[in-house]
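Asks: Below is the structure I would like to discuss, written out as structure tokens.
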Amino acid sequence: MKKVLVTGALGQIGSELVMEMRGIYGEENIIATDIRDNGSKVVTSGPFELLDVTDGERMHDLAKKHQVDTIIHLAALLSATAEQKPLLAWNLNMGGLVNALEIARQLNLQFFTPSSIGAFGPSTPKDQTPQDTIQRPTTMYGVNKVSGELLSDYYFHKFNVDTRGLRFPGLISYETLPGGGTTDYAVDIYYQAVMKGHYESFIDRGTFMDMMYMPDAVKSIIDLMEADSSKLIHRNAFNVSAMSVSPEMIGQSIQRFIPDFTLRYKVDPVRQQIAESWPNAIDASAAKQEWGFRAKYDLEAMTEDMLQKLKVKLIS
């Protein structure tokens with residue numbers, strides 16, 4: 001990667017990935033795009049363009065204007081929001097992806113888009129979920145992600161587009177607020193711990209899902225995109241994870257730093273059903289073997305860093 005166009009740059013992943021890449025590759029070489037301008041440092045610290053990813057002509061024009069060699073396509077509706085608006089999710093998630101892949105084909109660009117543990121379904125093995133296994137999701141978000149993996153494979157095999165992807169678990173970040181995902185409780189719980197000292201979880205106790213701290217997620221995207229293409233077997237998309245946790249485990253971790261923190265439950269049936277259709281813990285050995293994936297943060301290290309950063313952000 002030398003010059004990169006990022007769609008959905010103001011979202012949870014993009015807001016941190018853009019800033020990290022600008023530090024590595026130079027501010028002028030990372031072109032952030034989103035459907036809105038929020039005046040954040042992503043907008044002000046380097047090139048920023050307004051872009052609706054369903055407008056393929058506009059995306060093509062921006063890629064040519066900035067002479068990029070890579071597209072990182074992040075724009076999408078997340079799982080819970082996608083269930084509320086399934087047709088919008090299909091049109092945005094798949095329409096935007098097709099546009100981005102077509103531009104990568106036409107301009108011979110390297111390409112990345114994230115998949116998710118949402119690509120798995122209730123018939124997938126739940127423990128140590130293999131890299132290669134049955135994928136029959138029961139959500140529109142999951143259908144989008146499986147379709148995206150297959151479509152990216154197609155563009156690699158049919159058109160020789162250098163497509164790459166990661167099946168992300170729940171991503172935890174202090175930079176951005178929750179954005180409509182099933183794993184968002186694992187972000188909100190830290191915010192509420194600092195602001196109020198208690199949290200009411202919409203995911204039930206004993207519900208295990210894979211999670212990853214955002215610095216590890218950002219690093220994994222950059223590492224994968226810089227990896228030797230000839231060594232990649234599972235291009236679209238590698239299982240990656242740092243930890244498998246339940247709400248009460250996160251609560252107990254917070255209590256080590258905020259002893260009076262309390263955790264209660266008010267389960268959201270829709271998001272609980274989605275969570276129960278996903279794996280308890282996935283096997284990330286293919287990513288480790290093919291391009292050296294390693295996560296730095298475990299639950300305790302993540303909790304300590306999240307709470308420190310949020311106290312500065314919310315209280316100082």
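Residues are named by chain letter and number: chains run A, B, ... in the order of the structure tokens, numbers start at 1 in each chain, and ligands are numbered from 1 in the order shown.
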Please provide as a list of chain:residue names all residues within 7 Å of segment 125-135 of chain A, with the sequence filter that same-chain residues fewer than 4 positions apart are discarded (counting only C-alpha atoms).
Replies: A:Ala119, A:Phe120, A:Gly121, A:Phe238, A:Asn239, A:Pro279, A:Asn280, A:Ala281, A:Ile282, A:Asp283, A:Ala286
Asks: Which residues come within 10 Å of Ala104 of chain A, counting only C-alpha atoms, excluding same-chain residues fewer than 3 positions away, as a PDB file with N, CA and C atoms, in the first residue's frame?
Replies:
```
ATOM      1  N   HIS A  60     -15.393   5.793  -8.454  1.00  0.00           N
ATOM      2  CA  HIS A  60     -14.400   5.626  -9.513  1.00  0.00           C
ATOM      3  C   HIS A  60     -13.649   6.928  -9.764  1.00  0.00           C
ATOM      4  N   ALA A  63     -11.153   7.556  -6.929  1.00  0.00           N
ATOM      5  CA  ALA A  63      -9.991   6.664  -7.012  1.00  0.00           C
ATOM      6  C   ALA A  63      -9.014   7.142  -8.082  1.00  0.00           C
ATOM      7  N   VAL A  68      -5.019   6.270  -6.388  1.00  0.00           N
ATOM      8  CA  VAL A  68      -4.786   5.311  -5.316  1.00  0.00           C
ATOM      9  C   VAL A  68      -4.360   3.965  -5.883  1.00  0.00           C
ATOM     10  N   ASP A  69      -3.693   3.180  -5.054  1.00  0.00           N
ATOM     11  CA  ASP A  69      -3.348   1.811  -5.450  1.00  0.00           C
ATOM     12  C   ASP A  69      -4.103   0.773  -4.623  1.00  0.00           C
ATOM     13  N   THR A  70      -4.890   1.239  -3.647  1.00  0.00           N
ATOM     14  CA  THR A  70      -5.582   0.334  -2.730  1.00  0.00           C
ATOM     15  C   THR A  70      -6.935   0.918  -2.343  1.00  0.00           C
ATOM     16  N   ILE A  71      -7.956   0.062  -2.247  1.00  0.00           N
ATOM     17  CA  ILE A  71      -9.237   0.434  -1.644  1.00  0.00           C
ATOM     18  C   ILE A  71      -9.442  -0.402  -0.387  1.00  0.00           C
ATOM     19  N   VAL A  98     -19.950  -4.259  -4.488  1.00  0.00           N
ATOM     20  CA  VAL A  98     -19.796  -4.505  -5.924  1.00  0.00           C
ATOM     21  C   VAL A  98     -19.132  -3.310  -6.597  1.00  0.00           C
ATOM     22  N   ASN A  99     -19.565  -2.111  -6.236  1.00  0.00           N
ATOM     23  CA  ASN A  99     -18.943  -0.911  -6.812  1.00  0.00           C
ATOM     24  C   ASN A  99     -17.450  -0.863  -6.510  1.00  0.00           C
ATOM     25  N   ALA A 100     -17.096  -1.123  -5.258  1.00  0.00           N
ATOM     26  CA  ALA A 100     -15.685  -1.048  -4.858  1.00  0.00           C
ATOM     27  C   ALA A 100     -14.855  -2.120  -5.559  1.00  0.00           C
ATOM     28  N   LEU A 101     -15.399  -3.330  -5.678  1.00  0.00           N
ATOM     29  CA  LEU A 101     -14.674  -4.406  -6.365  1.00  0.00           C
ATOM     30  C   LEU A 101     -14.517  -4.104  -7.852  1.00  0.00           C
ATOM     31  N   LEU A 107      -9.181  -0.526 -12.215  1.00  0.00           N
ATOM     32  CA  LEU A 107      -7.969   0.272 -12.013  1.00  0.00           C
ATOM     33  C   LEU A 107      -6.792  -0.551 -11.483  1.00  0.00           C
ATOM     34  N   ASN A 108      -6.995  -1.884 -11.364  1.00  0.00           N
ATOM     35  CA  ASN A 108      -5.937  -2.791 -10.907  1.00  0.00           C
ATOM     36  C   ASN A 108      -5.430  -2.395  -9.522  1.00  0.00           C
ATOM     37  N   LEU A 109      -6.367  -2.337  -8.560  1.00  0.00           N
ATOM     38  CA  LEU A 109      -6.047  -1.921  -7.205  1.00  0.00           C
ATOM     39  C   LEU A 109      -6.054  -3.112  -6.249  1.00  0.00           C
ATOM     40  N   GLN A 110      -5.263  -3.007  -5.194  1.00  0.00           N
ATOM     41  CA  GLN A 110      -5.355  -3.951  -4.087  1.00  0.00           C
ATOM     42  C   GLN A 110      -6.642  -3.635  -3.331  1.00  0.00           C
ATOM     43  N   PHE A 111      -7.234  -4.668  -2.702  1.00  0.00           N
ATOM     44  CA  PHE A 111      -8.574  -4.482  -2.142  1.00  0.00           C
ATOM     45  C   PHE A 111      -8.713  -5.208  -0.805  1.00  0.00           C
ATOM     46  N   PHE A 112      -9.345  -4.519   0.150  1.00  0.00           N
ATOM     47  CA  PHE A 112      -9.684  -5.136   1.440  1.00  0.00           C
ATOM     48  C   PHE A 112     -11.112  -4.783   1.822  1.00  0.00           C
ATOM     49  N   TYR A 155     -13.715 -12.297  -7.560  1.00  0.00           N
ATOM     50  CA  TYR A 155     -12.918 -11.263  -8.227  1.00  0.00           C
ATOM     51  C   TYR A 155     -11.423 -11.602  -8.228  1.00  0.00           C
ATOM     52  N   PHE A 159     -10.735 -12.299 -12.026  1.00  0.00           N
ATOM     53  CA  PHE A 159     -10.132 -11.082 -12.563  1.00  0.00           C
ATOM     54  C   PHE A 159      -8.749 -10.779 -12.001  1.00  0.00           C
ATOM     55  N   VAL A 161      -7.929  -9.768  -9.103  1.00  0.00           N
ATOM     56  CA  VAL A 161      -7.888  -8.647  -8.161  1.00  0.00           C
ATOM     57  C   VAL A 161      -7.297  -9.151  -6.842  1.00  0.00           C
ATOM     58  N   ASP A 162      -6.350  -8.413  -6.291  1.00  0.00           N
ATOM     59  CA  ASP A 162      -5.682  -8.814  -5.049  1.00  0.00           C
ATOM     60  C   ASP A 162      -6.588  -8.494  -3.859  1.00  0.00           C
ATOM     61  N   THR A 163      -7.598  -9.337  -3.666  1.00  0.00           N
ATOM     62  CA  THR A 163      -8.577  -9.148  -2.591  1.00  0.00           C
ATOM     63  C   THR A 163      -8.109  -9.827  -1.311  1.00  0.00           C
TER      64      THR A 163
END
```
Asks: How would you write, as a ChimeraX atom specification, the set of residues in segment 69-284 of chain A that DSSP gives as strand (DSSP E or B)?
Replies: /A:70-73,110-112,115-116,127-129,163-164,166-168,170-172,198-201,209-213,238-239,243-245,262-265,281-282
Asks: Would you please extract all helix (DSSP H, G or I) residues from segment 167-284 of chain A, as assigned by DSSP on the backbone, and give them as a VMD selection string?
Replies: chain A and resid 182 to 195 214 to 226 229 to 231 247 to 255 269 to 276
Asks: Taking only C-alpha atoms into account, which of A:Thr303, A:Asn91, A:Ser45, A:Thr7 comes nearest Val187 of chain A?
Replies: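 The shortest atom-to-atom distance to Val187 of chain A comes from A:Thr303.
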Asks: I'd like the neighbourhood of Pro269 of chain A as a ChimeraX atom specification, where a residue qualifies if any of its atoms comes within 12 Å (using only C-alpha atoms), though same-chain residues fewer than 6 positions away should be ignored.
Replies: /A:80,182,201-204,275-276
Asks: Can you list, as a count of residues only, every protein, DNA or RNA residue that comes within 9 Å of Leu62 of chain A when you count only C-alpha atoms, leaving out same-chain residues fewer than 6 positions away?
Replies: 4
Asks: Which residue is closest to Arg235 of chain A? Choose from A:Glu290, A:Glu175, A:Glu304, A:Glu83 and count only C-alpha atoms.
Replies: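 The answer is A:Glu290, which sits nearest to Arg235 of chain A.
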Asks: At a cut-off of 12 Å, using only C-alpha atoms, what residues contact Gly181 of chain A? Leave out same-chain residues fewer than 5 positions from it and give the result as a PyMOL selection string.
Replies: chain A and resi 11-12+76-84+116-118+141-142+169-172+186-188+202-203+270-272+274-275
Asks: Could you jot down the atom CA of Ser123 of chain A to atom CA of Gln273 of chain A separation for me, Å, one decimal place?
Replies: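 Between atom CA of Ser123 of chain A and atom CA of Gln273 of chain A the gap is 13.7 Å.
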Asks: Let me make sure I understand: among A:Arg294, A:Leu97, A:Ser147, A:Lys41, which one has the smallest atom-to-atom distance to Asp55 of chain A if we use only C-alpha atoms?
Replies: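 When distances to Asp55 of chain A are compared using only C-alpha atoms, the smallest one comes from A:Leu97.
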Asks: Using atom CA of Ser220 of chain A and atom CA of Ile103 of chain A as the two end points, give the distance in Å to one decimal.
Replies: 23.9 Å
